[in-house]
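Structure record follows, encoded as structure tokens.
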Amino acid sequence: MDGSGNTNNIFCKPVGSLAPATVAPTRVGSPEVTPGILRVKQLLNQIHEKLGNENYIELTVDHLADDVIVVQRHHPDDHKGVVFVVRTAFWTDKNDSPELPVLTISGRITQLHVAATLSVNEEQKARYTEDKSKITGFKGDLLLQETLAAYATHAEGDGATTLAFHHLPQATVLVFATEPGPSAQKAHEGLYEVYKQLDAAVAEVTLVDAQYLLYSCEEEEKDVSKGARGAYAVPGHGPMVYAGLTGPVALLDEARAAPEWQGNNI
């Protein structure tokens with residue numbers, strides 16, 4: 001235990017439940033202040049452990065800026081997610097309100113887990129003394145917010161939520177849960193019903209058949225159809241590499257990676 005009462009045991013120390021929080025209140029109250037980072041570090045470890053146990057196995061990492069990282073953990077079945085937005089503090093000369101692109105999140109925000117900033121004031125910096133025998137650092141205060149409104153304004157659209165950051169200091173971490181909107185949820189349920197029927201549909205497909213279904217190319221398709229058909233051509237893109245199922249799959253992978261499609265369910 002340190003002089004501020006923090007116990008360095010992030011796995012065993014009990015915490016309260018992660019209750020839902022209002023995402024965009026009309027008024028932002030004063031943040032709760034606690035010493036050090038252990039309270040949030042404990043929560044982050046518990047969240048990651050919970051997500052691993054509950055099969056949130058898909059993960060994407062994006063950079064909004066050179067010091068702003070967005071990590072999304074996604075559940076492949078119900079398409080719920082947890083988003084981590086972190087602004088690092090490797091460069092202390094950065095301003096607290098950087099010009100960041102709007103962050104688009106698939107679905108809607110349902111719960112705020114963490115909204116916190118580690119703050120070190122000038123008085124704390126002045127009290128710092130170097131110790132050549134061990135690693136030391138500044139003593140800081142953790143500012144805990146109850147809402148995202150202290151950092152960003154948000155808007156829910158058709159199947160997606162946008163976050164426009166107006167204040168994102170260094171050493172800030174935001175963690176919130178998401179779920180698909182009603183239309184996306186209905187589409188996911190329909191796809192899942194189709195998926196459940198795939199076992200019966202492909203039960204008699206041989207490896208040779210599977211290779212043709214997946215990787216048939218332009219010339220193979222023309223040969224089989226006696227020149228009647230080839231690979232699909234997409235307007236503005238051109239013909240697909242494969243006439244088989246891998247053709248549209250590769251195209252969708254390319255579309256998902258495009259900035260204008262980030263946060264959309266494709």
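Letters for chains follow the order of the structure tokens (A, B, ...), residue numbers begin at 1 for each chain, and ligand numbers begin at 1 in the order shown.
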Distance query Pro248 (chain A) at most 10 Å, only C-alpha atoms, self and fewer than 6 positions along chain excluded, as a ChimeraX atom specification: /A:232,234,240-242,254
Quick one: pick out all alpha helix (DSSP H) residues within region 111-233 of chain A from a backbone DSSP run and write them as a ChimeraX atom specification. /A:122-126,182-196,198-201,207-215,218-224
In region 77-250 of chain A, DSSP strand (DSSP E) residues written as a compact mmCIF listing (two decimals) with all heavy atoms, in the first residue's frame:
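Okay, this is what ended up in out_38.txt:
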# COMPACT_ATOMS: atom_id res chain seq x y z
N GLY A 81 -19.98 -4.89 -28.77
CA GLY A 81 -18.56 -4.54 -28.74
C GLY A 81 -18.20 -3.69 -27.54
O GLY A 81 -19.08 -3.17 -26.84
N VAL A 82 -16.92 -3.57 -27.30
CA VAL A 82 -16.38 -2.66 -26.29
C VAL A 82 -15.27 -1.87 -26.96
O VAL A 82 -14.36 -2.45 -27.59
CB VAL A 82 -15.85 -3.40 -25.05
CG1 VAL A 82 -15.19 -2.42 -24.09
CG2 VAL A 82 -16.99 -4.14 -24.35
N VAL A 83 -15.34 -0.55 -26.84
CA VAL A 83 -14.40 0.34 -27.51
C VAL A 83 -13.51 1.01 -26.48
O VAL A 83 -14.00 1.51 -25.46
CB VAL A 83 -15.15 1.41 -28.33
CG1 VAL A 83 -14.16 2.34 -29.05
CG2 VAL A 83 -16.08 0.74 -29.34
N PHE A 84 -12.20 1.00 -26.74
CA PHE A 84 -11.21 1.66 -25.90
C PHE A 84 -10.60 2.81 -26.70
O PHE A 84 -10.03 2.57 -27.78
CB PHE A 84 -10.09 0.70 -25.48
CG PHE A 84 -10.55 -0.52 -24.74
CD1 PHE A 84 -11.15 -1.58 -25.41
CD2 PHE A 84 -10.37 -0.62 -23.37
CE1 PHE A 84 -11.57 -2.72 -24.74
CE2 PHE A 84 -10.79 -1.75 -22.67
CZ PHE A 84 -11.38 -2.80 -23.36
N VAL A 85 -10.73 4.03 -26.20
CA VAL A 85 -10.09 5.19 -26.83
C VAL A 85 -9.02 5.69 -25.86
O VAL A 85 -9.33 6.03 -24.71
CB VAL A 85 -11.10 6.31 -27.13
CG1 VAL A 85 -10.39 7.51 -27.79
CG2 VAL A 85 -12.23 5.81 -28.03
N VAL A 86 -7.78 5.74 -26.31
CA VAL A 86 -6.66 6.10 -25.43
C VAL A 86 -5.84 7.20 -26.07
O VAL A 86 -5.48 7.10 -27.26
CB VAL A 86 -5.76 4.88 -25.15
CG1 VAL A 86 -4.59 5.29 -24.26
CG2 VAL A 86 -6.56 3.76 -24.51
N ARG A 87 -5.55 8.24 -25.31
CA ARG A 87 -4.57 9.23 -25.75
C ARG A 87 -3.33 9.09 -24.87
O ARG A 87 -3.40 9.25 -23.65
CB ARG A 87 -5.11 10.66 -25.67
CG ARG A 87 -4.10 11.62 -26.33
CD ARG A 87 -4.57 13.04 -26.41
NE ARG A 87 -3.57 13.82 -27.14
CZ ARG A 87 -3.38 15.10 -26.98
NH1 ARG A 87 -4.12 15.79 -26.12
NH2 ARG A 87 -2.44 15.73 -27.67
N LEU A 103 -14.87 10.10 -34.86
CA LEU A 103 -14.82 8.65 -34.68
C LEU A 103 -16.21 8.08 -34.92
O LEU A 103 -17.17 8.48 -34.27
CB LEU A 103 -14.33 8.30 -33.27
CG LEU A 103 -14.33 6.82 -32.89
CD1 LEU A 103 -13.39 6.02 -33.79
CD2 LEU A 103 -13.96 6.65 -31.42
N THR A 104 -16.32 7.14 -35.86
CA THR A 104 -17.59 6.49 -36.16
C THR A 104 -17.59 5.08 -35.60
O THR A 104 -16.69 4.29 -35.88
CB THR A 104 -17.83 6.43 -37.68
OG1 THR A 104 -17.83 7.76 -38.21
CG2 THR A 104 -19.18 5.78 -37.98
N ILE A 105 -18.59 4.79 -34.78
CA ILE A 105 -18.72 3.50 -34.10
C ILE A 105 -19.96 2.79 -34.63
O ILE A 105 -21.04 3.38 -34.69
CB ILE A 105 -18.84 3.67 -32.58
CG1 ILE A 105 -17.63 4.43 -32.03
CG2 ILE A 105 -18.98 2.33 -31.89
CD1 ILE A 105 -16.32 3.71 -32.18
N SER A 106 -19.81 1.53 -35.01
CA SER A 106 -20.96 0.77 -35.45
C SER A 106 -21.94 0.56 -34.29
O SER A 106 -21.54 0.19 -33.19
CB SER A 106 -20.50 -0.59 -36.00
OG SER A 106 -21.62 -1.37 -36.38
N ARG A 108 -24.85 1.57 -31.39
CA ARG A 108 -25.09 2.67 -30.45
C ARG A 108 -24.37 2.37 -29.14
O ARG A 108 -24.15 1.21 -28.77
CB ARG A 108 -26.59 2.86 -30.20
CG ARG A 108 -27.28 1.66 -29.58
CD ARG A 108 -28.78 1.84 -29.53
NE ARG A 108 -29.44 0.73 -28.82
CZ ARG A 108 -29.72 0.76 -27.52
NH1 ARG A 108 -29.42 1.82 -26.79
NH2 ARG A 108 -30.31 -0.26 -26.95
N ILE A 109 -24.03 3.42 -28.41
CA ILE A 109 -23.35 3.27 -27.12
C ILE A 109 -24.38 2.94 -26.05
O ILE A 109 -25.38 3.64 -25.91
CB ILE A 109 -22.59 4.56 -26.76
CG1 ILE A 109 -21.50 4.84 -27.82
CG2 ILE A 109 -21.94 4.44 -25.38
CD1 ILE A 109 -20.79 6.16 -27.64
N THR A 110 -24.13 1.88 -25.31
CA THR A 110 -25.10 1.44 -24.30
C THR A 110 -24.61 1.62 -22.87
O THR A 110 -25.42 1.67 -21.95
CB THR A 110 -25.45 -0.05 -24.51
OG1 THR A 110 -24.24 -0.84 -24.42
CG2 THR A 110 -26.08 -0.26 -25.87
N GLN A 111 -23.31 1.68 -22.67
CA GLN A 111 -22.80 1.74 -21.30
C GLN A 111 -21.40 2.36 -21.30
O GLN A 111 -20.57 2.02 -22.14
CB GLN A 111 -22.74 0.34 -20.69
CG GLN A 111 -22.32 0.31 -19.22
CD GLN A 111 -22.39 -1.08 -18.64
OE1 GLN A 111 -22.72 -2.04 -19.33
NE2 GLN A 111 -22.07 -1.23 -17.38
N LEU A 112 -21.17 3.24 -20.35
CA LEU A 112 -19.85 3.83 -20.17
C LEU A 112 -19.16 3.12 -19.02
O LEU A 112 -19.64 3.14 -17.89
CB LEU A 112 -19.97 5.33 -19.87
CG LEU A 112 -18.66 6.08 -19.60
CD1 LEU A 112 -17.74 6.04 -20.81
CD2 LEU A 112 -18.95 7.52 -19.19
N HIS A 113 -18.03 2.48 -19.30
CA HIS A 113 -17.27 1.78 -18.27
C HIS A 113 -16.25 2.69 -17.59
O HIS A 113 -16.16 2.73 -16.36
CB HIS A 113 -16.53 0.58 -18.87
CG HIS A 113 -17.42 -0.51 -19.34
ND1 HIS A 113 -18.50 -0.97 -18.62
CD2 HIS A 113 -17.40 -1.26 -20.48
CE1 HIS A 113 -19.09 -1.94 -19.28
NE2 HIS A 113 -18.45 -2.13 -20.42
N VAL A 114 -15.47 3.41 -18.39
CA VAL A 114 -14.40 4.24 -17.86
C VAL A 114 -14.30 5.53 -18.67
O VAL A 114 -14.35 5.49 -19.90
CB VAL A 114 -13.03 3.52 -17.90
CG1 VAL A 114 -11.92 4.44 -17.38
CG2 VAL A 114 -13.05 2.23 -17.11
N ALA A 115 -14.16 6.65 -17.99
CA ALA A 115 -13.83 7.93 -18.62
C ALA A 115 -12.92 8.65 -17.64
O ALA A 115 -13.38 9.20 -16.64
CB ALA A 115 -15.09 8.75 -18.91
N ALA A 116 -11.62 8.63 -17.89
CA ALA A 116 -10.67 9.11 -16.89
C ALA A 116 -9.46 9.75 -17.55
O ALA A 116 -9.04 9.37 -18.64
CB ALA A 116 -10.22 7.96 -15.99
N THR A 117 -8.88 10.72 -16.83
CA THR A 117 -7.66 11.40 -17.27
C THR A 117 -6.71 11.50 -16.10
O THR A 117 -7.10 11.92 -15.00
CB THR A 117 -7.97 12.81 -17.80
OG1 THR A 117 -8.83 12.71 -18.93
CG2 THR A 117 -6.68 13.53 -18.21
N LEU A 118 -5.46 11.12 -16.31
CA LEU A 118 -4.42 11.29 -15.30
C LEU A 118 -3.84 12.68 -15.42
O LEU A 118 -3.36 13.07 -16.49
CB LEU A 118 -3.33 10.24 -15.47
CG LEU A 118 -2.21 10.26 -14.42
CD1 LEU A 118 -2.76 9.93 -13.04
CD2 LEU A 118 -1.10 9.28 -14.80
N SER A 119 -3.88 13.43 -14.34
CA SER A 119 -3.44 14.83 -14.36
C SER A 119 -2.27 15.03 -13.41
O SER A 119 -2.29 14.56 -12.27
CB SER A 119 -4.60 15.75 -13.94
OG SER A 119 -4.16 17.08 -13.82
N ASP A 141 -3.07 12.89 -10.14
CA ASP A 141 -4.47 12.68 -9.73
C ASP A 141 -5.25 12.13 -10.92
O ASP A 141 -5.06 12.56 -12.06
CB ASP A 141 -5.11 14.00 -9.28
CG ASP A 141 -4.46 14.54 -8.01
OD1 ASP A 141 -4.15 13.72 -7.13
OD2 ASP A 141 -4.26 15.77 -7.92
N LEU A 142 -6.12 11.19 -10.63
CA LEU A 142 -6.96 10.61 -11.66
C LEU A 142 -8.32 11.30 -11.63
O LEU A 142 -9.02 11.27 -10.61
CB LEU A 142 -7.13 9.11 -11.42
CG LEU A 142 -7.75 8.31 -12.56
CD1 LEU A 142 -6.82 8.29 -13.77
CD2 LEU A 142 -8.05 6.89 -12.12
N LEU A 143 -8.69 11.94 -12.73
CA LEU A 143 -9.98 12.63 -12.84
C LEU A 143 -10.98 11.69 -13.50
O LEU A 143 -10.84 11.34 -14.67
CB LEU A 143 -9.82 13.91 -13.67
CG LEU A 143 -8.67 14.84 -13.27
CD1 LEU A 143 -8.66 16.07 -14.17
CD2 LEU A 143 -8.78 15.24 -11.80
N LEU A 144 -11.99 11.27 -12.74
CA LEU A 144 -12.99 10.32 -13.23
C LEU A 144 -14.27 11.06 -13.61
O LEU A 144 -14.89 11.72 -12.76
CB LEU A 144 -13.29 9.27 -12.16
CG LEU A 144 -12.11 8.39 -11.73
CD1 LEU A 144 -12.50 7.55 -10.52
CD2 LEU A 144 -11.69 7.49 -12.88
N ALA A 152 -16.38 14.63 -25.60
CA ALA A 152 -16.87 14.60 -26.99
C ALA A 152 -18.37 14.80 -27.03
O ALA A 152 -19.08 14.57 -26.04
CB ALA A 152 -16.50 13.27 -27.64
N THR A 153 -18.85 15.25 -28.17
CA THR A 153 -20.29 15.25 -28.45
C THR A 153 -20.58 14.05 -29.34
O THR A 153 -19.76 13.65 -30.17
CB THR A 153 -20.71 16.54 -29.17
OG1 THR A 153 -19.93 16.71 -30.36
CG2 THR A 153 -20.50 17.75 -28.27
N HIS A 154 -21.75 13.45 -29.13
CA HIS A 154 -22.05 12.26 -29.90
C HIS A 154 -23.41 12.40 -30.57
O HIS A 154 -24.28 13.15 -30.14
CB HIS A 154 -22.02 11.02 -28.99
CG HIS A 154 -23.35 10.61 -28.46
ND1 HIS A 154 -24.08 11.38 -27.59
CD2 HIS A 154 -24.07 9.49 -28.69
CE1 HIS A 154 -25.20 10.75 -27.29
NE2 HIS A 154 -25.22 9.61 -27.95
N ALA A 155 -23.55 11.67 -31.68
CA ALA A 155 -24.80 11.67 -32.43
C ALA A 155 -25.05 10.27 -32.95
O ALA A 155 -24.14 9.62 -33.48
CB ALA A 155 -24.74 12.67 -33.58
N GLU A 156 -26.27 9.79 -32.78
CA GLU A 156 -26.64 8.46 -33.27
C GLU A 156 -27.33 8.60 -34.61
O GLU A 156 -28.27 9.37 -34.76
CB GLU A 156 -27.55 7.75 -32.28
CG GLU A 156 -26.86 7.35 -30.99
CD GLU A 156 -27.74 6.50 -30.07
OE1 GLU A 156 -28.82 6.08 -30.55
OE2 GLU A 156 -27.36 6.27 -28.92
N ALA A 160 -25.12 3.68 -36.77
CA ALA A 160 -23.79 4.08 -36.33
C ALA A 160 -23.88 5.27 -35.40
O ALA A 160 -24.85 6.03 -35.40
CB ALA A 160 -22.89 4.40 -37.51
N THR A 161 -22.85 5.45 -34.58
CA THR A 161 -22.74 6.58 -33.67
C THR A 161 -21.44 7.31 -33.97
O THR A 161 -20.40 6.68 -34.18
CB THR A 161 -22.74 6.11 -32.20
OG1 THR A 161 -23.97 5.47 -31.92
CG2 THR A 161 -22.55 7.27 -31.24
N THR A 162 -21.49 8.64 -33.99
CA THR A 162 -20.29 9.44 -34.23
C THR A 162 -19.90 10.17 -32.95
O THR A 162 -20.76 10.63 -32.20
CB THR A 162 -20.49 10.46 -35.36
OG1 THR A 162 -21.59 11.32 -35.03
CG2 THR A 162 -20.77 9.76 -36.67
N LEU A 163 -18.60 10.26 -32.71
CA LEU A 163 -18.04 11.00 -31.58
C LEU A 163 -17.13 12.08 -32.13
O LEU A 163 -16.15 11.79 -32.82
CB LEU A 163 -17.26 10.08 -30.65
CG LEU A 163 -18.04 9.11 -29.77
CD1 LEU A 163 -17.09 8.19 -29.03
CD2 LEU A 163 -18.91 9.87 -28.78
N ALA A 164 -17.45 13.33 -31.82
CA ALA A 164 -16.61 14.46 -32.22
C ALA A 164 -15.92 14.98 -30.96
O ALA A 164 -16.55 15.57 -30.08
CB ALA A 164 -17.46 15.56 -32.86
N PHE A 165 -14.62 14.76 -30.86
CA PHE A 165 -13.88 15.12 -29.65
C PHE A 165 -13.60 16.62 -29.62
O PHE A 165 -13.08 17.19 -30.57
CB PHE A 165 -12.56 14.34 -29.59
CG PHE A 165 -12.74 12.87 -29.43
CD1 PHE A 165 -12.66 12.02 -30.53
CD2 PHE A 165 -13.03 12.32 -28.19
CE1 PHE A 165 -12.84 10.66 -30.39
CE2 PHE A 165 -13.22 10.96 -28.03
CZ PHE A 165 -13.12 10.12 -29.14
N THR A 172 -5.52 10.08 -21.25
CA THR A 172 -6.97 9.88 -21.12
C THR A 172 -7.34 8.50 -21.65
O THR A 172 -6.80 8.05 -22.67
CB THR A 172 -7.74 10.95 -21.89
OG1 THR A 172 -7.58 12.22 -21.26
CG2 THR A 172 -9.24 10.62 -21.94
N VAL A 173 -8.25 7.83 -20.96
CA VAL A 173 -8.78 6.55 -21.45
C VAL A 173 -10.30 6.57 -21.35
O VAL A 173 -10.86 6.97 -20.32
CB VAL A 173 -8.20 5.35 -20.66
CG1 VAL A 173 -8.47 5.47 -19.17
CG2 VAL A 173 -8.74 4.03 -21.19
N LEU A 174 -10.94 6.17 -22.44
CA LEU A 174 -12.40 6.06 -22.49
C LEU A 174 -12.74 4.62 -22.88
O LEU A 174 -12.17 4.09 -23.84
CB LEU A 174 -13.00 7.02 -23.51
CG LEU A 174 -12.56 8.48 -23.45
CD1 LEU A 174 -13.14 9.26 -24.62
CD2 LEU A 174 -12.98 9.10 -22.13
N VAL A 175 -13.65 4.01 -22.15
CA VAL A 175 -14.07 2.64 -22.45
C VAL A 175 -15.59 2.59 -22.40
O VAL A 175 -16.19 2.96 -21.38
CB VAL A 175 -13.49 1.62 -21.45
CG1 VAL A 175 -13.87 0.20 -21.87
CG2 VAL A 175 -11.97 1.76 -21.34
N PHE A 176 -16.21 2.14 -23.49
CA PHE A 176 -17.67 2.08 -23.50
C PHE A 176 -18.13 0.89 -24.34
O PHE A 176 -17.42 0.40 -25.22
CB PHE A 176 -18.28 3.38 -24.03
CG PHE A 176 -17.69 3.88 -25.32
CD1 PHE A 176 -18.16 3.44 -26.55
CD2 PHE A 176 -16.64 4.79 -25.30
CE1 PHE A 176 -17.62 3.90 -27.73
CE2 PHE A 176 -16.08 5.26 -26.48
CZ PHE A 176 -16.57 4.82 -27.70
N ALA A 177 -19.34 0.41 -24.01
CA ALA A 177 -19.92 -0.75 -24.69
C ALA A 177 -20.85 -0.31 -25.79
O ALA A 177 -21.47 0.77 -25.72
CB ALA A 177 -20.67 -1.62 -23.68
N THR A 178 -20.96 -1.13 -26.83
CA THR A 178 -21.85 -0.83 -27.94
C THR A 178 -22.67 -2.07 -28.30
O THR A 178 -22.32 -3.20 -27.95
CB THR A 178 -21.06 -0.41 -29.20
OG1 THR A 178 -20.26 -1.52 -29.66
CG2 THR A 178 -20.15 0.78 -28.89
N GLU A 179 -23.77 -1.83 -29.00
CA GLU A 179 -24.56 -2.93 -29.54
C GLU A 179 -25.16 -2.46 -30.86
O GLU A 179 -25.30 -1.25 -31.09
CB GLU A 179 -25.66 -3.36 -28.57
CG GLU A 179 -26.75 -2.34 -28.36
CD GLU A 179 -27.85 -2.85 -27.42
OE1 GLU A 179 -27.60 -3.84 -26.71
OE2 GLU A 179 -28.95 -2.25 -27.42
N ALA A 233 -18.40 -8.16 -62.66
CA ALA A 233 -17.75 -6.85 -62.75
C ALA A 233 -18.56 -5.85 -61.95
O ALA A 233 -19.79 -5.78 -62.08
CB ALA A 233 -17.65 -6.40 -64.21
N VAL A 234 -17.89 -5.10 -61.09
CA VAL A 234 -18.55 -4.11 -60.24
C VAL A 234 -18.33 -2.73 -60.83
O VAL A 234 -17.17 -2.35 -61.08
CB VAL A 234 -17.99 -4.17 -58.80
CG1 VAL A 234 -18.64 -3.10 -57.93
CG2 VAL A 234 -18.20 -5.55 -58.20
N GLY A 238 -14.40 -2.67 -61.59
CA GLY A 238 -13.91 -3.61 -62.58
C GLY A 238 -14.24 -5.03 -62.20
O GLY A 238 -14.91 -5.30 -61.19
N PRO A 239 -13.75 -5.99 -62.98
CA PRO A 239 -14.07 -7.41 -62.71
C PRO A 239 -13.39 -7.89 -61.44
O PRO A 239 -12.30 -7.46 -61.09
CB PRO A 239 -13.52 -8.14 -63.94
CG PRO A 239 -12.47 -7.23 -64.49
CD PRO A 239 -12.93 -5.83 -64.21
Counting only C-alpha atoms, what is within 12 Å of Glu123 (chain A), bar same-chain residues fewer than 6 positions away, as a PyMOL selection string? chain A and resi 138-140
Store the residues of this selection in a file with all heavy atoms, as an mmCIF file, in the first residue's frame.
data_model
loop_
_atom_site.group_PDB
_atom_site.id
_atom_site.type_symbol
_atom_site.label_atom_id
_atom_site.label_comp_id
_atom_site.auth_asym_id
_atom_site.auth_seq_id
_atom_site.Cartn_x
_atom_site.Cartn_y
_atom_site.Cartn_z
ATOM 1 N N PHE A 138 6.164 11.219 -11.368
ATOM 2 C CA PHE A 138 5.341 12.262 -10.767
ATOM 3 C C PHE A 138 4.155 11.639 -10.041
ATOM 4 O O PHE A 138 3.596 10.628 -10.476
ATOM 5 C CB PHE A 138 4.803 13.218 -11.828
ATOM 6 C CG PHE A 138 5.861 13.949 -12.589
ATOM 7 C CD1 PHE A 138 5.946 13.840 -13.961
ATOM 8 C CD2 PHE A 138 6.776 14.766 -11.936
ATOM 9 C CE1 PHE A 138 6.912 14.521 -14.681
ATOM 10 C CE2 PHE A 138 7.751 15.450 -12.638
ATOM 11 C CZ PHE A 138 7.827 15.326 -14.010
ATOM 12 N N LYS A 139 3.771 12.235 -8.952
ATOM 13 C CA LYS A 139 2.499 11.876 -8.336
ATOM 14 C C LYS A 139 1.397 12.619 -9.070
ATOM 15 O O LYS A 139 1.497 13.821 -9.312
ATOM 16 C CB LYS A 139 2.498 12.246 -6.845
ATOM 17 C CG LYS A 139 3.339 11.324 -5.985
ATOM 18 C CD LYS A 139 3.101 11.587 -4.507
ATOM 19 C CE LYS A 139 3.843 10.568 -3.644
ATOM 20 N NZ LYS A 139 3.584 10.769 -2.200
ATOM 21 N N GLY A 140 0.356 11.888 -9.432
ATOM 22 C CA GLY A 140 -0.721 12.507 -10.195
ATOM 23 C C GLY A 140 -2.084 12.191 -9.625
ATOM 24 O O GLY A 140 -2.235 11.342 -8.744
#
Kindly give the distance, in Å, that separates CA of Gly181 (chain A) and CA of Gly107 (chain A), rounded to a single decimal.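 Separating CA of Gly181 (chain A) from CA of Gly107 (chain A) is a distance of 5.0 Å.
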Point out the residue among A:Thr129, A:Pro169, A:Ala184, A:Lys41 with the least atom-to-atom distance to Asp78 (chain A), counting only C-alpha atoms. A:Ala184
Polymer residues at most 9 Å from Phe90 (chain A), only C-alpha atoms, same-chain spacing of 3 or more positions, as a compact mmCIF listing (two decimals) with all heavy atoms, in the first residue's frame:
# COMPACT_ATOMS: atom_id res chain seq x y z
N ASP A 67 -0.88 9.95 -31.42
CA ASP A 67 -0.92 9.61 -30.00
C ASP A 67 -2.32 9.24 -29.53
O ASP A 67 -2.59 9.23 -28.33
CB ASP A 67 -0.36 10.75 -29.15
CG ASP A 67 -1.16 12.04 -29.29
OD1 ASP A 67 -1.97 12.14 -30.23
OD2 ASP A 67 -0.96 12.96 -28.47
N GLN A 170 -3.93 14.51 -22.81
CA GLN A 170 -3.03 13.37 -22.75
C GLN A 170 -3.35 12.53 -21.51
O GLN A 170 -3.89 13.02 -20.53
CB GLN A 170 -1.58 13.84 -22.70
CG GLN A 170 -1.11 14.47 -24.01
CD GLN A 170 0.35 14.88 -23.92
OE1 GLN A 170 0.77 15.55 -22.98
NE2 GLN A 170 1.13 14.48 -24.90
N ALA A 171 -3.00 11.25 -21.58
CA ALA A 171 -3.24 10.30 -20.48
C ALA A 171 -4.72 10.14 -20.18
O ALA A 171 -5.15 10.06 -19.03
CB ALA A 171 -2.49 10.72 -19.21
Separating CA of Ala231 (chain A) from CA of Gly244 (chain A), to the nearest tenth of an Å, is a gap of 7.8 Å
Exercise: region 206-223 of chain A partners within 6 Å, only C-alpha atoms, chain neighbours under 3 positions left out, as a list in words: Lys226, Gly227, Arg229, Gly230, Ala231, Tyr242, Ala243, Gly244, Leu245 and Thr246 of chain A
List as a ChimeraX atom specification the protein and nucleic acid residues near His188 (chain A), meaning an atom at most 9 Å away when only C-alpha atoms are counted, but skip any in the same chain fewer than 5 places from it. /A:77-79,180,183,193
Any chance you can output those residues with N, CA and C atoms as a JSON list (two decimals), in the first residue's frame?
[["chain", "number", "residue", "atom", "x", "y", "z"],
["A", 77, "ASP", "N", -20.93, -13.28, -32.48],
["A", 77, "ASP", "CA", -22.30, -13.80, -32.57],
["A", 77, "ASP", "C", -23.35, -12.70, -32.42],
["A", 78, "ASP", "N", -23.31, -11.96, -31.31],
["A", 78, "ASP", "CA", -24.34, -10.94, -31.10],
["A", 78, "ASP", "C", -23.88, -9.56, -31.57],
["A", 79, "HIS", "N", -22.63, -9.44, -32.01],
["A", 79, "HIS", "CA", -22.07, -8.20, -32.58],
["A", 79, "HIS", "C", -22.05, -7.03, -31.60],
["A", 180, "PRO", "N", -25.51, -3.40, -31.76],
["A", 180, "PRO", "CA", -26.07, -3.00, -33.05],
["A", 180, "PRO", "C", -27.41, -2.29, -32.88],
["A", 183, "SER", "N", -32.07, -2.07, -36.94],
["A", 183, "SER", "CA", -32.02, -2.59, -38.31],
["A", 183, "SER", "C", -30.86, -3.54, -38.49],
["A", 193, "GLU", "N", -29.57, -17.10, -39.21],
["A", 193, "GLU", "CA", -30.47, -18.18, -39.60],
["A", 193, "GLU", "C", -29.96, -18.89, -40.85]]
Can you tell me, as a PyMOL selection string, what residues are no more than 7 Å from region 52-64 of chain A when counting only C-alpha atoms, ignoring any on the same chain fewer than 2 positions away? chain A and resi 48-50+66+68-76+100-101
Between CA of Ala150 (chain A) and CA of Glu99 (chain A), measure the distance and give it in Å to one decimal.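 It comes out at 15.9 Å.
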